[in-house]
Structures are given as structure tokens and as C-alpha cells.
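Visitor: Below is the file start-v1.txt, which contains compact mmCIF, C-alpha atoms.
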# COMPACT_ATOMS: atom_id res chain seq x y z
CA MET Q 154 -65.66 51.92 -31.64
CA ASN Q 155 -63.16 50.17 -29.44
CA TRP Q 156 -62.20 47.58 -31.99
CA LYS Q 157 -61.47 50.33 -34.51
CA LEU Q 158 -59.20 51.98 -32.02
CA CYS Q 159 -57.48 48.66 -31.34
CA VAL Q 160 -56.96 48.02 -35.04
CA ALA Q 161 -55.58 51.52 -35.54
CA MET Q 162 -53.19 51.15 -32.62
CA SER Q 163 -52.08 47.73 -33.85
CA LEU Q 164 -51.39 49.15 -37.28
CA VAL Q 165 -49.39 52.00 -35.80
CA SER Q 166 -47.42 49.56 -33.64
CA VAL Q 167 -46.69 47.27 -36.59
CA THR Q 168 -45.62 50.26 -38.65
CA PHE Q 169 -43.22 51.38 -35.95
CA LEU Q 170 -41.87 47.87 -35.52
CA VAL Q 171 -41.26 47.52 -39.23
CA ALA Q 172 -39.70 50.97 -39.45
CA GLU Q 173 -37.45 50.45 -36.43
CA GLY Q 174 -36.40 46.91 -37.22
CA PRO Q 175 -32.98 45.95 -38.54
CA LYS Q 176 -32.42 46.75 -42.17
CA GLY Q 177 -29.24 44.80 -42.76
CA THR Q 178 -26.96 45.39 -45.69
CA GLU Q 179 -27.32 45.16 -49.43
CA PRO Q 180 -26.99 41.52 -50.48
CA ARG Q 181 -24.48 40.77 -53.20
CA PRO Q 182 -25.82 39.57 -56.56
CA ALA Q 183 -25.45 35.91 -55.64
CA ALA Q 184 -24.29 33.71 -52.80
CA THR Q 185 -21.26 32.77 -54.84
CA ALA Q 186 -20.03 36.36 -54.48
CA TYR Q 187 -19.20 35.59 -50.87
CA PRO Q 188 -15.97 33.80 -49.94
CA ALA Q 189 -17.94 31.03 -48.23
CA HIS Q 190 -21.19 29.85 -49.74
CA ALA Q 191 -23.44 26.81 -49.92
CA GLU Q 192 -26.88 25.79 -51.06
CA ILE Q 193 -29.29 23.39 -49.44
CA ASN Q 194 -32.99 22.74 -50.10
CA GLY Q 195 -33.02 25.60 -52.59
CA VAL Q 196 -31.69 28.08 -50.02
CA ALA Q 197 -28.37 29.67 -50.90
CA VAL Q 198 -26.23 31.07 -48.12
CA GLY Q 199 -23.16 33.24 -48.40
CA ALA Q 200 -20.86 34.38 -45.62
CA ALA Q 201 -17.75 36.48 -45.17
CA LEU Q 202 -15.75 37.05 -42.04
CA LEU Q 203 -14.76 40.67 -41.70
CA THR Q 204 -11.14 41.38 -41.00
CA ALA Q 205 -10.27 43.87 -38.31
CA ASP Q 206 -9.59 46.49 -40.95
CA GLN Q 207 -12.89 45.89 -42.70
CA ALA Q 208 -14.72 46.09 -39.40
CA ARG Q 209 -13.10 49.46 -38.73
CA ARG Q 210 -14.25 50.73 -42.09
CA HIS Q 211 -17.80 49.45 -41.87
CA PHE Q 212 -18.52 50.35 -38.26
CA VAL Q 213 -18.15 53.47 -36.20
CA SER Q 214 -18.43 51.27 -33.13
CA ASP Q 215 -15.19 49.57 -32.16
CA VAL Q 216 -16.49 46.05 -32.71
CA ASN Q 217 -13.00 44.62 -32.92
CA ARG Q 218 -12.68 44.99 -29.19
CA CYS Q 219 -15.29 42.43 -28.37
CA CYS Q 220 -16.28 40.23 -31.21
CA LEU Q 221 -15.95 38.75 -34.63
CA VAL Q 222 -18.25 40.08 -37.30
CA VAL Q 223 -19.60 37.86 -40.06
CA GLU Q 224 -21.60 39.14 -42.99
CA VAL Q 225 -24.27 36.64 -43.95
CA ALA Q 226 -26.67 36.63 -46.89
CA PHE Q 227 -29.63 34.39 -47.58
CA TYR Q 228 -31.21 33.76 -50.96
CA PRO Q 229 -34.53 31.99 -50.34
CA PRO Q 230 -36.45 30.18 -53.05
CA LYS Q 231 -39.09 32.29 -54.76
CA ASP Q 232 -42.12 30.33 -53.63
CA LYS Q 233 -41.02 29.45 -50.12
CA PRO Q 234 -40.33 32.06 -47.45
CA LEU Q 235 -37.37 31.40 -45.21
CA SER Q 236 -37.47 31.93 -41.49
CA VAL Q 237 -34.21 33.45 -40.29
CA SER Q 238 -33.22 33.38 -36.66
CA LEU Q 239 -29.94 34.30 -34.98
CA ASN Q 240 -30.37 31.38 -32.60
CA ASP Q 241 -29.72 29.00 -35.47
CA PHE Q 242 -26.16 30.25 -35.98
CA VAL Q 243 -23.06 28.86 -34.34
CA LEU Q 244 -19.47 29.86 -34.94
CA ARG Q 245 -16.89 27.23 -34.16
CA ILE Q 246 -13.16 27.59 -33.81
CA LYS Q 247 -11.89 24.18 -34.70
CA ASP Q 248 -8.52 24.00 -33.01
CA ALA Q 249 -9.68 25.54 -29.76
CA ASP Q 250 -12.98 23.65 -29.53
CA VAL Q 251 -14.75 26.91 -28.95
CA ALA Q 252 -18.27 27.59 -30.15
CA ALA Q 253 -20.34 30.71 -29.75
CA LYS Q 254 -23.79 31.89 -30.60
CA PRO Q 255 -24.33 35.41 -31.89
CA SER Q 256 -24.91 38.21 -29.44
CA SER Q 257 -27.58 40.82 -29.83
CA ALA Q 258 -26.82 44.44 -30.62
CA GLU Q 259 -27.82 45.45 -27.10
CA VAL Q 260 -25.32 43.10 -25.51
CA ILE Q 261 -22.50 44.10 -27.83
CA ALA Q 262 -23.18 47.81 -27.36
CA ALA Q 263 -23.19 47.46 -23.58
CA SER Q 264 -19.93 45.53 -23.70
CA LEU Q 265 -18.27 48.15 -25.89
CA GLN Q 266 -19.42 50.96 -23.65
CA LYS Q 267 -18.07 49.21 -20.56
CA LYS Q 268 -14.70 48.60 -22.18
CA ALA Q 269 -14.44 52.17 -23.42
CA HIS Q 270 -15.15 53.37 -19.90
CA ALA Q 271 -12.18 51.39 -18.59
CA ASP Q 272 -9.64 52.98 -20.93
CA ARG Q 273 -6.72 54.90 -19.51
CA ASN Q 274 -5.10 57.85 -21.15
CA VAL Q 275 -1.69 59.36 -20.61
CA THR Q 276 -0.96 62.83 -21.97
CA VAL Q 277 2.57 64.15 -22.13
CA SER Q 278 2.99 67.92 -22.50
CA PRO Q 279 6.42 69.49 -22.67
CA SER Q 280 6.70 73.06 -21.41
CA TYR Q 281 9.35 75.73 -21.79
CA GLY Q 282 9.48 79.14 -20.16
CA VAL Q 283 11.69 82.18 -20.46
CA THR Q 284 11.63 84.92 -17.83
CA TYR Q 285 13.44 88.21 -17.86
CA GLN Q 286 14.01 89.89 -14.56
CA SER Q 287 15.10 93.49 -14.20
CA GLY Q 288 16.55 95.08 -11.08
CA ARG Q 289 18.34 93.32 -8.24
CA ALA Q 290 16.97 90.57 -6.03
CA TYR Q 291 18.36 88.76 -2.98
CA ASP Q 292 18.86 85.02 -3.38
CA PRO Q 293 18.31 83.37 0.03
CA VAL Q 294 19.97 80.13 -1.12
CA THR Q 295 23.33 81.57 -2.07
CA GLY Q 296 23.11 84.71 0.06
CA THR Q 297 24.04 86.88 -2.85
CA THR Q 298 22.26 89.63 -4.69
CA GLN Q 299 21.49 88.91 -8.30
CA GLY Q 300 21.01 91.42 -11.05
CA SER Q 301 18.82 91.39 -14.08
CA GLY Q 302 18.90 88.46 -16.42
CA VAL Q 303 17.07 85.78 -18.26
CA THR Q 304 15.86 82.59 -16.63
CA GLN Q 305 14.90 79.57 -18.64
CA THR Q 306 12.77 76.75 -17.36
CA SER Q 307 11.68 73.54 -19.03
CA GLY Q 308 9.64 70.62 -17.90
CA VAL Q 309 7.21 67.93 -18.83
CA LEU Q 310 3.65 67.62 -17.63
CA VAL Q 311 2.30 64.11 -17.48
CA GLY Q 312 -1.44 63.75 -17.16
CA ILE Q 313 -3.02 60.40 -16.37
CA GLY Q 314 -6.68 60.00 -17.02
CA ARG Q 315 -8.96 62.37 -18.86
CA PRO Q 316 -10.65 65.60 -17.93
CA GLY Q 317 -13.78 64.37 -19.67
CA PRO Q 318 -15.40 61.05 -20.45
CA ASN Q 319 -13.62 58.48 -22.59
CA PRO Q 320 -14.71 58.23 -26.21
CA ALA Q 321 -17.85 56.20 -26.77
CA SER Q 322 -18.41 55.59 -23.07
CA THR Q 323 -21.62 57.48 -22.32
CA ASP Q 324 -25.17 56.16 -22.32
CA LYS Q 325 -25.90 58.09 -25.50
CA ASP Q 326 -22.95 56.37 -27.11
CA ARG Q 327 -24.35 53.02 -26.11
CA SER Q 328 -27.66 53.90 -27.72
CA ALA Q 329 -25.89 55.05 -30.88
CA MET Q 330 -23.80 51.87 -31.04
CA GLU Q 331 -26.88 49.79 -30.44
CA ALA Q 332 -28.64 51.58 -33.29
CA GLU Q 333 -25.75 51.02 -35.64
CA LEU Q 334 -25.29 47.37 -34.78
CA SER Q 335 -28.98 46.57 -34.98
CA GLU Q 336 -29.59 48.50 -38.19
CA LYS Q 337 -26.67 46.81 -39.91
CA GLY Q 338 -27.47 43.43 -38.38
CA LEU Q 339 -29.02 40.52 -40.21
CA PRO Q 340 -32.80 40.95 -40.28
CA GLU Q 341 -34.64 38.19 -38.48
CA GLY Q 342 -38.00 36.78 -39.44
CA ALA Q 343 -39.54 35.52 -42.65
CA ALA Q 344 -37.60 36.38 -45.78
CA THR Q 345 -38.99 36.11 -49.28
CA THR Q 346 -36.27 38.08 -51.01
CA PRO Q 347 -32.50 38.01 -50.59
CA ILE Q 348 -31.38 39.52 -47.31
CA ALA Q 349 -28.00 40.23 -45.82
CA GLY Q 350 -26.54 41.68 -42.66
CA TYR Q 351 -23.95 41.31 -39.99
CA ILE Q 352 -23.97 38.97 -37.04
CA TYR Q 353 -21.70 39.44 -34.05
CA PHE Q 354 -19.98 36.64 -32.21
CA PRO Q 355 -18.47 37.42 -28.79
CA ILE Q 356 -15.11 35.84 -29.60
CA SER Q 357 -12.02 38.00 -29.61
CA SER Q 358 -9.63 35.62 -31.30
CA LYS Q 359 -6.88 37.59 -33.02
CA LYS Q 360 -5.18 34.66 -34.70
CA LYS Q 361 -5.62 34.78 -38.43
CA THR Q 362 -4.65 31.19 -38.99
CA VAL Q 363 -7.39 29.77 -36.83
CA ALA Q 364 -9.93 27.74 -38.78
CA ARG Q 365 -13.44 29.05 -38.20
CA GLN Q 366 -16.64 27.41 -39.27
CA LEU Q 367 -20.05 29.00 -39.40
CA GLU Q 368 -22.96 26.64 -38.95
CA TYR Q 369 -26.58 27.36 -39.63
CA LYS Q 370 -29.40 25.04 -38.72
CA LEU Q 371 -31.97 24.97 -41.49
CA GLY Q 372 -34.80 22.67 -40.50
CA GLU Q 373 -33.35 19.22 -40.01
CA SER Q 374 -30.17 19.98 -41.90
CA THR Q 375 -27.14 22.02 -40.97
CA ILE Q 376 -25.13 24.19 -43.31
CA ALA Q 377 -21.43 24.44 -42.46
CA LEU Q 378 -19.35 27.20 -44.03
CA SER Q 379 -15.60 27.38 -43.54
CA LEU Q 380 -14.71 31.02 -43.17
CA PRO Q 381 -11.40 31.93 -44.76
CA MET N 166 13.17 96.11 -7.76
CA ARG N 167 12.74 93.21 -5.41
CA ILE N 168 9.00 93.60 -5.81
CA ALA N 169 9.45 93.53 -9.56
CA GLY N 170 11.45 90.32 -9.24
CA PHE N 171 8.80 88.66 -7.14
CA PHE N 172 6.14 89.82 -9.49
CA LEU N 173 7.99 88.44 -12.50
CA GLY N 174 8.36 85.14 -10.70
CA PHE N 175 4.66 85.14 -10.00
CA LEU N 176 3.97 85.88 -13.66
CA PHE N 177 6.10 82.97 -14.71
CA LEU N 178 4.28 80.65 -12.36
CA ALA N 179 1.01 82.01 -13.60
CA SER N 180 2.06 81.39 -17.20
CA LEU N 181 2.88 77.81 -16.33
CA VAL N 182 -0.44 77.34 -14.63
CA SER N 183 -2.34 78.89 -17.49
CA GLY N 184 -0.37 76.72 -19.89
CA TYR N 185 -1.46 73.68 -17.98
CA ARG N 186 -5.05 74.77 -18.23
CA VAL N 187 -4.74 74.96 -21.97
CA VAL N 188 -3.37 71.47 -21.94
CA ALA N 189 -6.26 70.28 -19.85
CA GLN N 190 -8.72 71.68 -22.35
CA ASP N 191 -6.94 70.50 -25.40
CA THR N 192 -6.54 66.95 -24.30
CA GLN N 193 -10.07 66.37 -25.45
CA GLN N 194 -9.47 67.81 -28.86
CA PRO N 195 -6.82 65.37 -30.03
CA THR N 196 -9.03 62.43 -29.23
CA ALA N 197 -11.31 63.56 -31.97
CA SER N 198 -8.58 63.92 -34.51
CA VAL N 199 -6.78 60.72 -33.67
CA ALA N 200 -9.78 58.62 -32.89
CA PRO N 201 -10.89 56.07 -35.43
CA VAL N 202 -12.25 57.80 -38.43
CA THR N 203 -14.84 55.66 -40.03
CA ASP N 204 -16.89 56.32 -43.08
CA VAL N 205 -15.88 57.89 -46.32
CA VAL N 206 -18.55 57.83 -48.96
CA THR N 207 -17.97 58.60 -52.57
CA ASN N 208 -20.94 57.27 -54.47
CA PRO N 209 -23.90 57.38 -52.17
CA THR N 210 -26.80 56.40 -54.31
CA ARG N 211 -25.67 53.21 -55.91
CA ALA N 212 -23.22 51.63 -53.57
CA ALA N 213 -24.17 49.04 -51.02
CA PRO N 214 -23.82 50.05 -47.37
CA GLN N 215 -20.70 48.04 -46.94
CA GLU N 216 -19.25 49.68 -50.01
CA LEU N 217 -20.33 53.11 -48.94
CA SER N 218 -17.72 53.36 -46.32
CA SER N 219 -14.01 53.32 -46.45
CA ALA N 220 -11.84 54.43 -43.66
CA ASN N 221 -8.89 56.28 -42.43
CA ALA N 222 -7.76 53.30 -40.50
CA LYS N 223 -4.26 54.62 -40.08
CA SER N 224 -5.48 56.89 -37.34
CA ARG N 225 -5.94 53.83 -35.18
CA ASN N 226 -2.24 53.47 -34.93
CA TYR N 227 -2.31 56.10 -32.25
CA ASP N 228 -3.69 53.50 -29.92
CA SER N 229 -0.67 52.01 -28.33
CA GLY N 230 -2.51 49.41 -26.34
CA SER N 231 -3.86 46.07 -27.23
CA ASP N 232 -7.35 45.21 -28.30
CA GLY N 233 -8.08 43.54 -25.01
CA ASP N 234 -10.34 44.70 -22.29
CA HIS N 235 -8.33 47.80 -21.51
CA LYS N 236 -6.50 50.23 -23.71
CA LEU N 237 -3.75 52.63 -22.83
CA HIS N 238 -3.64 55.72 -25.04
CA LEU N 239 -0.41 57.70 -25.03
CA ARG N 240 -0.83 61.14 -26.51
CA LEU N 241 1.29 64.20 -26.94
CA GLY N 242 -0.42 67.11 -25.29
CA THR N 243 -0.08 70.78 -26.02
CA ILE N 244 3.44 72.08 -25.98
CA ALA N 245 3.45 75.09 -23.67
CA LEU N 246 5.86 77.94 -24.30
CA GLY N 247 5.90 80.92 -22.02
CA ALA N 248 7.72 84.24 -22.00
CA GLY N 249 6.93 87.46 -20.29
CA TYR N 250 8.01 90.79 -18.98
CA SER N 251 5.92 93.19 -17.05
CA HIS N 252 6.13 96.48 -15.26
CA PHE N 253 4.15 96.84 -12.10
CA SER N 254 2.43 100.20 -12.02
CA GLY N 255 -0.28 99.92 -9.42
CA PRO N 256 -3.63 98.23 -8.88
CA ALA N 257 -5.82 97.60 -11.89
CA TYR N 258 -9.56 98.03 -11.86
CA TYR N 259 -11.96 96.02 -14.01
CA PRO N 260 -15.57 97.06 -13.56
CA TYR N 261 -17.89 94.12 -13.28
CA GLY N 262 -21.25 93.97 -15.00
CA LEU N 263 -22.94 93.11 -18.26
CA TYR N 264 -21.54 94.41 -21.49
CA PRO N 265 -24.45 95.19 -23.79
CA LEU N 266 -24.60 93.44 -27.16
CA SER N 267 -21.68 91.20 -26.38
CA PRO N 268 -21.19 88.75 -29.26
CA PHE N 269 -20.76 85.95 -26.74
CA GLY N 270 -23.63 86.76 -24.47
CA TRP N 271 -27.24 85.75 -24.47
CA GLU N 272 -28.37 89.29 -25.21
CA TYR N 273 -26.75 89.21 -28.63
CA SER N 274 -28.22 85.84 -29.58
CA ALA N 275 -31.66 86.89 -28.48
CA LEU N 276 -31.55 89.82 -30.88
CA TRP N 277 -31.26 87.82 -34.07
CA PHE N 278 -32.53 84.42 -33.08
CA PRO N 279 -34.99 82.76 -33.71
CA TYR N 280 -34.61 82.35 -37.44
CA TRP N 281 -34.30 85.88 -38.60
CA GLY N 282 -33.36 86.03 -42.23
CA SER N 283 -32.25 82.78 -43.81
CA TYR N 284 -30.57 81.35 -40.77
CA PRO N 285 -30.50 77.52 -40.57
CA PHE N 286 -32.91 75.43 -38.60
CA PHE N 287 -30.57 74.72 -35.71
CA ALA N 288 -29.84 77.06 -32.84
CA PRO N 289 -26.55 78.96 -32.79
CA GLY N 290 -23.82 76.86 -31.28
CA TYR N 291 -25.64 73.62 -31.96
CA PHE N 292 -22.72 72.28 -33.99
CA ASP N 293 -20.00 73.71 -31.76
CA TYR N 294 -17.38 71.60 -30.09
CA GLY N 295 -18.32 69.82 -26.88
CA SER N 296 -16.47 67.26 -24.81
CA ALA N 297 -19.39 64.84 -24.98
CA LYS N 298 -19.85 65.25 -28.72
CA GLY N 299 -18.49 63.53 -31.80
CA GLU N 300 -17.08 65.23 -34.85
CA VAL N 301 -18.37 64.94 -38.39
CA ARG N 302 -15.95 66.18 -41.01
CA LEU N 303 -17.91 66.87 -44.11
CA TRP N 304 -16.44 67.35 -47.54
CA ALA N 305 -18.93 68.00 -50.27
CA GLU N 306 -18.88 68.73 -53.96
CA PRO N 307 -20.38 71.20 -54.77
CA LYS N 308 -19.52 73.16 -51.67
CA THR N 309 -22.73 75.16 -51.85
CA ALA N 310 -24.88 72.05 -51.44
CA GLY N 311 -27.54 72.32 -48.79
CA VAL N 312 -27.02 70.07 -45.80
CA TYR N 313 -29.97 68.49 -44.01
CA LEU N 314 -29.69 66.69 -40.72
CA ASP N 315 -32.67 64.50 -39.87
CA HIS N 316 -34.51 66.33 -42.67
CA ALA N 317 -33.93 69.73 -41.08
CA TYR N 318 -31.88 72.31 -42.92
CA ALA N 319 -28.51 72.88 -41.29
CA GLY N 320 -26.75 75.19 -43.75
CA THR N 321 -24.49 74.92 -46.74
CA ALA N 322 -21.66 72.43 -46.90
CA ASN N 323 -18.94 75.05 -47.06
CA HIS N 324 -20.04 76.33 -43.65
CA LEU N 325 -20.35 72.88 -42.13
CA ARG N 326 -16.98 71.30 -42.70
CA ASN N 327 -16.57 70.42 -39.05
CA ILE N 328 -19.68 69.87 -37.05
CA TRP N 329 -19.99 68.42 -33.57
CA LEU N 330 -23.04 66.38 -32.70
CA GLU N 331 -24.39 64.60 -29.70
CA PRO N 332 -23.92 60.81 -29.88
CA GLY N 333 -26.67 59.19 -31.88
CA ALA N 334 -27.85 58.08 -35.29
CA TYR N 335 -28.68 60.74 -37.85
CA ASP N 336 -29.94 60.93 -41.40
CA LEU N 337 -27.58 63.12 -43.36
CA SER N 338 -28.73 64.48 -46.70
CA LEU N 339 -27.19 66.87 -49.16
CA ALA N 340 -28.97 68.49 -52.06
CA ALA N 341 -27.90 70.83 -54.82
CA THR N 342 -29.52 72.10 -57.95
CA GLY N 343 -28.90 69.84 -60.91
CA ARG N 344 -27.32 67.13 -58.77
CA GLU N 345 -28.61 63.90 -57.36
CA ASP N 346 -29.31 63.98 -53.67
CA PHE N 347 -26.96 62.36 -51.22
CA HIS N 348 -28.32 60.34 -48.33
CA GLN N 349 -26.48 58.51 -45.63
CA ARG N 350 -27.23 57.18 -42.21
CA ILE N 351 -24.46 58.27 -39.87
CA TYR N 352 -23.63 57.21 -36.35
CA VAL N 353 -21.88 59.67 -34.09
CA LEU N 354 -19.99 58.65 -30.97
CA SER N 355 -18.47 61.01 -28.45
CA GLY N 356 -14.78 61.68 -28.89
CA LYS N 357 -14.71 60.06 -32.31
CA SER N 358 -14.41 61.57 -35.72
CA LEU N 359 -16.38 60.64 -38.77
CA LYS N 360 -15.31 61.66 -42.23
CA ILE N 361 -17.99 62.00 -44.86
CA THR N 362 -17.16 62.65 -48.49
CA ALA N 363 -20.27 63.54 -50.45
CA LYS N 364 -19.76 64.02 -54.14
CA LEU N 365 -23.11 64.83 -55.66
CA ILE N 366 -23.17 63.52 -59.19
CA ALA N 367 -24.98 65.39 -61.95
CA ALA N 368 -28.61 64.42 -62.26
CA GLU N 369 -29.76 62.98 -65.56
CA PRO N 370 -32.52 65.15 -67.06
CA LYS N 371 -35.88 63.43 -67.03
CA PRO N 372 -37.84 63.12 -70.24
CA GLY N 373 -39.83 66.31 -70.76
CA GLU N 374 -37.81 68.24 -68.22
CA ALA N 375 -35.84 71.23 -69.42
CA PRO N 376 -32.14 71.12 -68.64
CA GLY N 377 -31.22 73.25 -65.67
CA GLN N 378 -34.70 73.08 -64.23
CA GLU N 379 -34.64 73.14 -60.48
CA LYS N 380 -35.55 70.02 -58.65
CA GLU N 381 -37.39 69.77 -55.42
CA LYS N 382 -35.39 69.55 -52.25
CA PRO N 383 -36.22 67.07 -49.55
When written as C-alpha cells, how does the structure in this file appear?
Guide:
Amino acid sequence: MNWKLCVAMSLVSVTFLVAEGPKGTEPRPAATAYPAHAEINGVAVGAALLTADQARRHFVSDVNRCCLVVEVAFYPPKDKPLSVSLNDFVLRIKDADVAAKPSSAEVIAASLQKKAHADRNVTVSPSYGVTYQSGRAYDPVTGTTQGSGVTQTSGVLVGIGRPGPNPASTDKDRSAMEAELSEKGLPEGAATTPIAGYIYFPISSKKKTVARQLEYKLGESTIALSLP
Amino acid sequence: MRIAGFFLGFLFLASLVSGYRVVAQDTQQPTASVAPVTDVVTNPTRAAPQELSSANAKSRNYDSGSDGDHKLHLRLGTIALGAGYSHFSGPAYYPYGLYPLSPFGWEYSALWFPYWGSYPFFAPGYFDYGSAKGEVRLWAEPKTAGVYLDHAYAGTANHLRNIWLEPGAYDLSLAATGREDFHQRIYVLSGKSLKITAKLIAAEPKPGEAPGQEKEKP
């Protein structure tokens, strides 16, 4: 009876793992549809570096604040499953001699939450008031008695900080960002059909002219893709 | 008359203070409208996820800071205008206590909730504004399409143009008679606004199915 229970629990666990795992994105028809592509040992790889504007459109999370996002697609041969692992990726910035491995969705989400928490906000609110006073009142400054009239007052209120939490800075936000980044991320594991997804490199280089190269270790060989 | 003058001065100060309170409340509201708007979806069923979304990226220009570790947001708050005149006529008396059947009190909600009639699956006020919520601006065609959030009926699209949700990932679906269903995974972050455009295209009649026949809803 126990082994049946174990099998049932294992099946349920596997089902949840499969259901909760990253789904990635829809791969393009072929690797050649990506700006950078190569083929080695029958495995075609395509990659595209997302610009800051594209990252804003594709993600609710503010990924531009922490990292570079690369969309990667794999097209494995029909009879040979391909094992995909994020540890096999490296992004190099040639001129700066900088290399980075991809970060997990958890790490990126935590970083984004921390940075959102550190934001400062300044709110400027102009104000204008008109008061009408009837009757007579003694003015202690001038020592005179003033009659009825209209008083106008204007000013500016400057608020620093926020009355509430900063956007995307709560723990629930972190969970939501983590869900988004992991669900859109490149699925890891054995792939028998074309797969695609995003990988996140913790490099915040804003220079567009920098030459970037994505490397992927496939067995004994290494695929190098120059990202435009 | 001197009393009247003092009282008017007090009123003016009070108007300033109350104006500031309005500012303090509204400072949260603009963050939603100026925060990065993300996804706009036009053809939900056939487009790839990366094609499903386009953005209102211009709204990011409100951020005056850099993309470094810290950002400085400069915003224009509520402009407060005040004017007043009053006549002091003696002490006022406001009796304290519960007002029966108040539309804003718990008594009123308890009378018609839970789920009397065809009321949606979510509790009243579930989609109301909250400082720790994110906004989803929904535009749908047709406007009478049923909206489902995590497979639970939320109402019709014309009543759910602006909904506020707790941060998280949701499955948004829209369904209408004679149209193909719309499905999208949405991610809501507090203080951010998400624009969803759901245009439900006409469903092609299946072989053997009479035109205009109702289809099952999710």
C-alpha cells in the first residue's frame, strides 16, 4: 500500500514541477530569424539582445535596472535530445574584458525589489488661497485696525519621500517579478523540440556600441554569437 | 467681528491643511498613471508572447533619474486652490452613532452579499484602488465580454476598465458569444499600470455548427 502512495505522491510532485516550471517564449520559425545565429553538431541556436525599449515592452518588471536580457532559442536535432543549462552560457563584453553568467529569476527579482525600495520621490504641489474677511480686526504688527477685504496666499508644498511603499518594492512584488522572469525564462533540461526564452545577465552596460558576445558550451565545443 | 476674522483665518489654515491631505493621498495615484505601462495585446491567440505585448514606453520619461541603483522621481502633485467665507452662528452638533443602511458601511454590504442575483465572483471592493495594488487598464471589444480572473468570473469588460489588484501573476480571460476567447498571463506590480487591449476576433463556425450558436465559456 505504501509504494502505491509513494508513486501517487511522486506523480503529483512531478505534475506540479512540470506545471510550475518555466515555459519560455514562442520560438521563431528558424534560428536564422534571430539576429545572431549559428549551428553546430546539428543544433541550431539563435539569439537576440533586447534593447531597453524592447525590455520595457516585454516585461512588467523593470529589468533594465539590473541586467541585460537576451532571448535565446534552441533547435535540437529530431533524434537527439539537447540538454540545456543556464550554467553553460557566458556573456562577454569584449572591450571591457567583462564576462558574466546568467542570474536566476530569484536573484534578479530580489535585486529589482531592493533597488525599487531605495527610490526617492519628490512631489511638488502648488497651492493658492483666497480669503475674504468681513468686519474689522486689529493688526498687532502695524498697530492699525483693518477692515474687510480679500487676502490672497500662494505657496508651494514640497514633499520628499512617499506616503506609501515605492512601486514594486513589496514582498508580493518580488514574488510577482520572480514569477514573470521565471515563466518567460529559457526552460532548462532536456529539449526535443525547439525552445526559446529569456536569460538575464547582471550587467548594466548602457553603451550601445559595446561589442557583446554570447557563448554557449555545447559538449566539447563552444558556440560564440556576436550580439548586435 | 474680531471673532469672525479669527475664525476666517482658522478656516483658511484649515483649508490649507486639508489641501495638503489631499495631496498626500493623491501622490500615490499619479505613480500608477505615470509608471511604466507594459503590455498591450491585440491578437491574443496567434501571437507569440514577445509579440503579444507592446508598450506605452513614453510614460517612462517621467522618471528623471538614471537607471542606476537609485532613481529620483520628480512629480507634480495636486494643485490646491482654496477659497472660503463663513458666518459663525454658534456651536454645531453632530450626533455620533451608526447610520442604518449606509452605502459605505458593512451593514449595507451584508444585505446583498454574498452573491445575490448575478453579482460577480469577487467581493465588493476587491478591485478598488489600494496603495499596495497595481492597476490593470482593460480595453475590450466587445465591451460586454465576460472577464475571468484566474478562471473566476469578475464581471463584464465595460464595468472593469480600471481594476486594482494585489501584486502577483494572474490568468486573464475574456469570452463573448461568437468570438474567440482571449487568454493572457498578466503580472501585476504595486504602483504600476498595465494596459491590456483585448480585441476578441469573430470565431469561425465549426463544421456542423449553426451560425450564432452559443459556445461554452471557460
Visitor: Let me make sure I understand: among N:Gly356, N:Gly299, N:Pro289, N:Pro370, which one has the smallest atom-to-atom distance to chain Q if we use only C-alpha atoms?
Guide: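 Nearest to chain Q: N:Gly356.
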Visitor: Show me, as a ChimeraX atom specification, every residue of chain Q with an atom at most 8 Å from chain N, counting only C-alpha atoms.
Guide: /Q:178-179,206,209-214,217-218,268-269,271-291,310,315-323,325-326,328-330,332-333
Visitor: Rounded to one decimal in Å, what is the spacing between atom CA of Ser256 of chain Q and atom CA of Gln349 of chain N?
Guide: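 Atom CA of Gln349 of chain N lies 26.0 Å from atom CA of Ser256 of chain Q.
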Visitor: Go ahead and compute the interatomic distance for atom CA of Ile261 of chain Q and atom CA of Ala249 of chain Q, in Å to one decimal.
Guide: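 Between atom CA of Ile261 of chain Q and atom CA of Ala249 of chain Q the gap is 22.6 Å.
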Visitor: Mind checking which residues fall within 8 Å of segment 339-347 of chain Q, counting all atoms listed in the file, ignoring those fewer than 6 positions away in the same chain, and posting them as a list in words?
Guide: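 Contacts, with the query itself left out: Gly174, Pro175, Lys176, Gly177, Thr178, Pro180, Val225, Ala226, Phe227, Tyr228, Pro229, Pro230, Lys231, Asp232, Lys233, Pro234, Leu235, Ser236, Val237, Ser238 and Leu239 of chain Q.
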Visitor: List the neighbours of Ala191 of chain Q out to 8 Å using all atoms listed in the file; skip same-chain residues closer than 3 positions along the sequence, and give me the result as a ChimeraX atom specification.
Guide: /Q:184,197-199,376,378
Visitor: For the atom pair atom CA of Trp329 of chain N and atom CA of Arg302 of chain N, what is the interatomic distance in Å to one decimal place?
Guide: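 Distance between the two atoms: 8.8 Å.
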Visitor: Considering all atoms listed in the file, state which residue in the set N:His348, N:Gly311, N:Phe286, N:Ala319 is at the smallest distance from Ile361 of chain N.
Guide: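 Closest to Ile361 of chain N, using all atoms listed in the file: N:His348.
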